[in-house]
Each structure stands twice: as C-alpha cells, then as structure tokens.
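Chemist: Next up is a structure, given as structure tokens.
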Amino acid sequence: MEKLQWRTLRCDNSGPNCPEIAERDNQVFLRSSKRPERVAVLDAAEFDTLKQKIRDGEL
C-alpha cells in the first residue's frame, strides 16, 4: 500500500494538536498530530460537507 503524504492544516493556535490531512483517490484521511494513530476516513463529498459545516459554525 502506498504511504500517505500528510500535511498539516492551518490552526488558529500554534499548539501541538493540529489537524493533518492526506488524500488518495476519492478518500480523505484526517488525524490529529497529537494522536496520529487514530485516522478518520471520509469520501470527498463527506469532507466537503464537513468543511462547509465548520465554515458555517455548525461544528
């Protein structure tokens, strides 16, 4: 299996717990830099919905 290329998303704080994201095919992988062993997997549409809910202040 191909190794994922993780990148850190921008955070409002500069603490050690920032979200990280990796993408492959139609999947988006999310994890916390504090707990990298726990990974959430979303498809692209689910990730778009998540981003919109965050922007709208719903989450």
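Order determines the names: the first chain of the structure tokens is A, the second B, and so forth; residues in each chain are numbered 1 upward, and ligands are numbered 1 upward as they are shown.
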Identify all residues of chain A in alpha helix (DSSP H) (DSSP on the backbone) and supply them as a tab-separated table (two decimals) with C-alpha atoms, in the first residue's frame.
Modeler:
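Result file follows (part.tsv):
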chain	number	residue	atom	x	y	z
A	44	ALA	CA	-14.63	13.63	-0.95
A	45	ALA	CA	-18.33	14.58	-0.62
A	46	GLU	CA	-18.32	13.91	3.14
A	47	PHE	CA	-15.20	16.03	3.53
A	48	ASP	CA	-16.78	18.90	1.58
A	49	THR	CA	-19.84	18.72	3.87
A	50	LEU	CA	-17.61	18.73	6.96
A	51	LYS	CA	-15.73	21.81	5.72
A	52	GLN	CA	-18.97	23.66	4.99
A	53	LYS	CA	-20.40	22.88	8.44
A	54	ILE	CA	-17.20	24.19	10.06
A	55	ARG	CA	-17.32	27.37	7.96
Chemist: Using DSSP secondary structure from the backbone, list all strand (DSSP E) positions within chain A, as a PyMOL selection string.
Modeler: chain A and resi 7-8+19-24+27-32+39-43
Chemist: Limited to C-alpha atoms, could you put the picked residues into a file as a short mmCIF file (atom, residue, chain, number, x, y, z; two decimals), in the first residue's frame?
Modeler:
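Result saved to selection_32.cif:
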data_model
loop_
_atom_site.label_atom_id
_atom_site.label_comp_id
_atom_site.auth_asym_id
_atom_site.auth_seq_id
_atom_site.Cartn_x
_atom_site.Cartn_y
_atom_site.Cartn_z
CA ARG A 7 0.11 17.79 5.55
CA THR A 8 -0.79 19.98 8.49
CA PRO A 19 -5.34 18.54 12.20
CA GLU A 20 -3.48 16.71 9.47
CA ILE A 21 -4.89 15.59 6.13
CA ALA A 22 -3.93 13.16 3.40
CA GLU A 23 -5.75 12.35 0.17
CA ARG A 24 -5.78 9.32 -2.08
CA GLN A 27 -10.74 9.36 0.06
CA VAL A 28 -9.68 11.99 2.58
CA PHE A 29 -7.83 10.88 5.71
CA LEU A 30 -7.92 13.06 8.84
CA ARG A 31 -5.93 12.75 12.04
CA SER A 32 -4.66 14.81 14.94
CA VAL A 39 -7.41 8.18 11.50
CA ALA A 40 -10.86 9.11 10.16
CA VAL A 41 -11.60 8.26 6.53
CA LEU A 42 -14.13 10.27 4.54
CA ASP A 43 -15.03 10.33 0.89
#
Chemist: Using atom CA of A:Cys18 and atom CA of A:Arg35 as the two end points, give the distance in Å to one decimal.
Modeler: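 Between these atoms lies a distance of 9.9 Å.
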